[in-house]
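K.L.:
First, the structure itself, so that you have it in front of you.
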Amino acid sequence: MLVWVVALPLAWYFLHDGAAAAVDGATPMRFGLSVRALLELAAGAAALAFALWTASRSSLGSFVVGVISVLAGLPFLVAPAAMNDAVGPLLDRLTAHSSLGATLSAYWWADAISGKFIAFGLFMIMVGVVSHQARRAGRREQEIIDRVRRA
């Protein structure tokens, strides 16, 4: 589960920042190459792939991260005024602190207001469900094979 807590925020940041670097550095309606964007997107994809690979070992991390993401994202959509009061000052302080803080604040705000946290959380929960069901099916299949061998 610790892998999920570390790898997914890294993936989230690198994928966001890589996408922003690719879009911000491009001429509108023209495709180009941005080495920084490619490196960040590759780092984000690697962190995400590693986190998803660990789901084959344990689905607990994906369930926990998914539920946390849904619960964290829901208030931003159903009670935006309250979330402005609760989280707004933190985002303002992060923005004033550094360029990294400003970037994190912008990504957090965009994902909260757009419902991406909820969508991501539901995706992670379903990864956990699929992983858990696949392991259970594998165990049942192995039990059948073992019974046939013993008979």
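FYI, nothing fancy with the structure tokens labels: chains A, B, ... in order, residues from 1 per chain, ligands from 1 as they appear.
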Stretch 2-75 of chain A: which residues are helix (DSSP H, G or I) by DSSP, as a PyMOL selection string?
P.N.:
chain A and resi 2-24+35-54+60-75
K.L.:
Pull C-alpha atoms from the residues just selected and write them as a PDB file, in the first residue's frame.
P.N.:
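Listed below is the output, result.pdb:
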```
ATOM      1  CA  LEU A   2       2.920   2.353   0.676  1.00  0.00           C
ATOM      2  CA  VAL A   3       3.904   2.060  -2.987  1.00  0.00           C
ATOM      3  CA  TRP A   4       0.515   3.471  -3.979  1.00  0.00           C
ATOM      4  CA  VAL A   5       0.806   6.388  -1.573  1.00  0.00           C
ATOM      5  CA  VAL A   6       4.191   7.364  -3.037  1.00  0.00           C
ATOM      6  CA  ALA A   7       3.967   6.311  -6.690  1.00  0.00           C
ATOM      7  CA  LEU A   8       0.550   7.708  -7.565  1.00  0.00           C
ATOM      8  CA  PRO A   9       1.171  11.291  -6.432  1.00  0.00           C
ATOM      9  CA  LEU A  10       4.475  11.203  -8.334  1.00  0.00           C
ATOM     10  CA  ALA A  11       2.712   9.893 -11.418  1.00  0.00           C
ATOM     11  CA  TRP A  12      -0.039  12.493 -11.012  1.00  0.00           C
ATOM     12  CA  TYR A  13       2.466  15.353 -10.811  1.00  0.00           C
ATOM     13  CA  PHE A  14       4.757  14.208 -13.633  1.00  0.00           C
ATOM     14  CA  LEU A  15       1.864  13.441 -15.992  1.00  0.00           C
ATOM     15  CA  HIS A  16       0.298  16.848 -15.288  1.00  0.00           C
ATOM     16  CA  ASP A  17       3.552  18.744 -15.600  1.00  0.00           C
ATOM     17  CA  GLY A  18       4.651  16.829 -18.690  1.00  0.00           C
ATOM     18  CA  ALA A  19       1.330  17.515 -20.392  1.00  0.00           C
ATOM     19  CA  ALA A  20       1.526  21.196 -19.441  1.00  0.00           C
ATOM     20  CA  ALA A  21       5.088  21.431 -20.787  1.00  0.00           C
ATOM     21  CA  ALA A  22       4.024  19.808 -24.055  1.00  0.00           C
ATOM     22  CA  VAL A  23       1.032  22.115 -24.516  1.00  0.00           C
ATOM     23  CA  ASP A  24       2.649  25.326 -23.272  1.00  0.00           C
ATOM     24  CA  VAL A  35      12.335  16.815 -24.471  1.00  0.00           C
ATOM     25  CA  ARG A  36      11.266  18.048 -21.029  1.00  0.00           C
ATOM     26  CA  ALA A  37       7.664  17.018 -21.703  1.00  0.00           C
ATOM     27  CA  LEU A  38       8.750  13.593 -22.931  1.00  0.00           C
ATOM     28  CA  LEU A  39      10.955  12.985 -19.896  1.00  0.00           C
ATOM     29  CA  GLU A  40       8.225  14.029 -17.462  1.00  0.00           C
ATOM     30  CA  LEU A  41       5.566  12.010 -19.258  1.00  0.00           C
ATOM     31  CA  ALA A  42       7.895   8.985 -19.256  1.00  0.00           C
ATOM     32  CA  ALA A  43       8.585   9.398 -15.530  1.00  0.00           C
ATOM     33  CA  GLY A  44       4.865   9.712 -14.814  1.00  0.00           C
ATOM     34  CA  ALA A  45       4.033   6.706 -16.960  1.00  0.00           C
ATOM     35  CA  ALA A  46       6.729   4.641 -15.253  1.00  0.00           C
ATOM     36  CA  ALA A  47       5.459   5.572 -11.776  1.00  0.00           C
ATOM     37  CA  LEU A  48       1.889   4.787 -12.799  1.00  0.00           C
ATOM     38  CA  ALA A  49       2.895   1.482 -14.403  1.00  0.00           C
ATOM     39  CA  PHE A  50       4.804   0.496 -11.273  1.00  0.00           C
ATOM     40  CA  ALA A  51       1.852   1.349  -9.037  1.00  0.00           C
ATOM     41  CA  LEU A  52      -0.561  -0.577 -11.269  1.00  0.00           C
ATOM     42  CA  TRP A  53       1.831  -3.536 -11.439  1.00  0.00           C
ATOM     43  CA  THR A  54       1.762  -3.748  -7.658  1.00  0.00           C
ATOM     44  CA  LEU A  60      -5.618  -3.025  -0.961  1.00  0.00           C
ATOM     45  CA  GLY A  61      -3.559  -0.033  -2.117  1.00  0.00           C
ATOM     46  CA  SER A  62      -5.765   0.655  -5.118  1.00  0.00           C
ATOM     47  CA  PHE A  63      -8.926   0.377  -2.986  1.00  0.00           C
ATOM     48  CA  VAL A  64      -7.586   2.727  -0.304  1.00  0.00           C
ATOM     49  CA  VAL A  65      -6.224   5.314  -2.741  1.00  0.00           C
ATOM     50  CA  GLY A  66      -9.422   5.119  -4.787  1.00  0.00           C
ATOM     51  CA  VAL A  67     -11.685   5.674  -1.798  1.00  0.00           C
ATOM     52  CA  ILE A  68      -9.503   8.520  -0.514  1.00  0.00           C
ATOM     53  CA  SER A  69      -9.541  10.165  -3.939  1.00  0.00           C
ATOM     54  CA  VAL A  70     -13.328   9.915  -4.258  1.00  0.00           C
ATOM     55  CA  LEU A  71     -13.869  11.208  -0.716  1.00  0.00           C
ATOM     56  CA  ALA A  72     -11.360  14.025  -1.256  1.00  0.00           C
ATOM     57  CA  GLY A  73     -12.860  15.059  -4.591  1.00  0.00           C
ATOM     58  CA  LEU A  74     -16.550  14.894  -3.735  1.00  0.00           C
ATOM     59  CA  PRO A  75     -16.716  17.970  -1.453  1.00  0.00           C
TER      60      PRO A  75
END
```
K.L.:
Could you give me, as a list of chain:residue names, the residues within 9 Å of A:Thr95, counting only C-alpha atoms and dropping anything in the same chain fewer than 6 positions from it?
P.N.:
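Counting only the stated atoms, we get A:Gly101, A:Ala102, A:Thr103, A:Leu104, A:Ser105, A:Ala106.
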K.L.:
Write a file of the selected residues as a PDB file, in the first residue's frame, keeping all heavy atoms.
P.N.:
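Result file is again-v6.pdb:
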```pdb
ATOM      1  N   GLY A 101       5.076  25.197  -5.726  1.00  0.00           N
ATOM      2  CA  GLY A 101       3.822  25.337  -4.993  1.00  0.00           C
ATOM      3  C   GLY A 101       2.704  25.873  -5.867  1.00  0.00           C
ATOM      4  O   GLY A 101       1.561  25.416  -5.792  1.00  0.00           O
ATOM      5  N   ALA A 102       3.040  26.846  -6.704  1.00  0.00           N
ATOM      6  CA  ALA A 102       2.040  27.405  -7.618  1.00  0.00           C
ATOM      7  C   ALA A 102       1.562  26.348  -8.607  1.00  0.00           C
ATOM      8  O   ALA A 102       0.363  26.256  -8.907  1.00  0.00           O
ATOM      9  CB  ALA A 102       2.618  28.603  -8.351  1.00  0.00           C
ATOM     10  N   THR A 103       2.490  25.546  -9.110  1.00  0.00           N
ATOM     11  CA  THR A 103       2.138  24.483 -10.047  1.00  0.00           C
ATOM     12  C   THR A 103       1.252  23.445  -9.371  1.00  0.00           C
ATOM     13  O   THR A 103       0.229  23.032  -9.928  1.00  0.00           O
ATOM     14  CB  THR A 103       3.423  23.830 -10.592  1.00  0.00           C
ATOM     15  OG1 THR A 103       4.216  24.830 -11.222  1.00  0.00           O
ATOM     16  CG2 THR A 103       3.121  22.742 -11.581  1.00  0.00           C
ATOM     17  N   LEU A 104       1.651  23.006  -8.176  1.00  0.00           N
ATOM     18  CA  LEU A 104       0.844  22.022  -7.446  1.00  0.00           C
ATOM     19  C   LEU A 104      -0.551  22.568  -7.150  1.00  0.00           C
ATOM     20  O   LEU A 104      -1.549  21.844  -7.284  1.00  0.00           O
ATOM     21  CB  LEU A 104       1.540  21.624  -6.145  1.00  0.00           C
ATOM     22  CG  LEU A 104       2.765  20.732  -6.284  1.00  0.00           C
ATOM     23  CD1 LEU A 104       3.469  20.576  -4.942  1.00  0.00           C
ATOM     24  CD2 LEU A 104       2.381  19.374  -6.841  1.00  0.00           C
ATOM     25  N   SER A 105      -0.634  23.827  -6.756  1.00  0.00           N
ATOM     26  CA  SER A 105      -1.931  24.448  -6.488  1.00  0.00           C
ATOM     27  C   SER A 105      -2.813  24.457  -7.730  1.00  0.00           C
ATOM     28  O   SER A 105      -4.005  24.152  -7.661  1.00  0.00           O
ATOM     29  CB  SER A 105      -1.751  25.880  -5.992  1.00  0.00           C
ATOM     30  OG  SER A 105      -1.128  25.893  -4.749  1.00  0.00           O
ATOM     31  N   ALA A 106      -2.231  24.825  -8.849  1.00  0.00           N
ATOM     32  CA  ALA A 106      -3.001  24.879 -10.098  1.00  0.00           C
ATOM     33  C   ALA A 106      -3.500  23.495 -10.503  1.00  0.00           C
ATOM     34  O   ALA A 106      -4.666  23.343 -10.900  1.00  0.00           O
ATOM     35  CB  ALA A 106      -2.143  25.479 -11.214  1.00  0.00           C
TER      36      ALA A 106
END
```
K.L.:
Record the distance separating atom CA of A:Ala137 and atom CA of A:Met124, expressed in Å with one decimal.
P.N.:
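Pair atom CA of A:Ala137 / atom CA of A:Met124 returns 19.9 Å.
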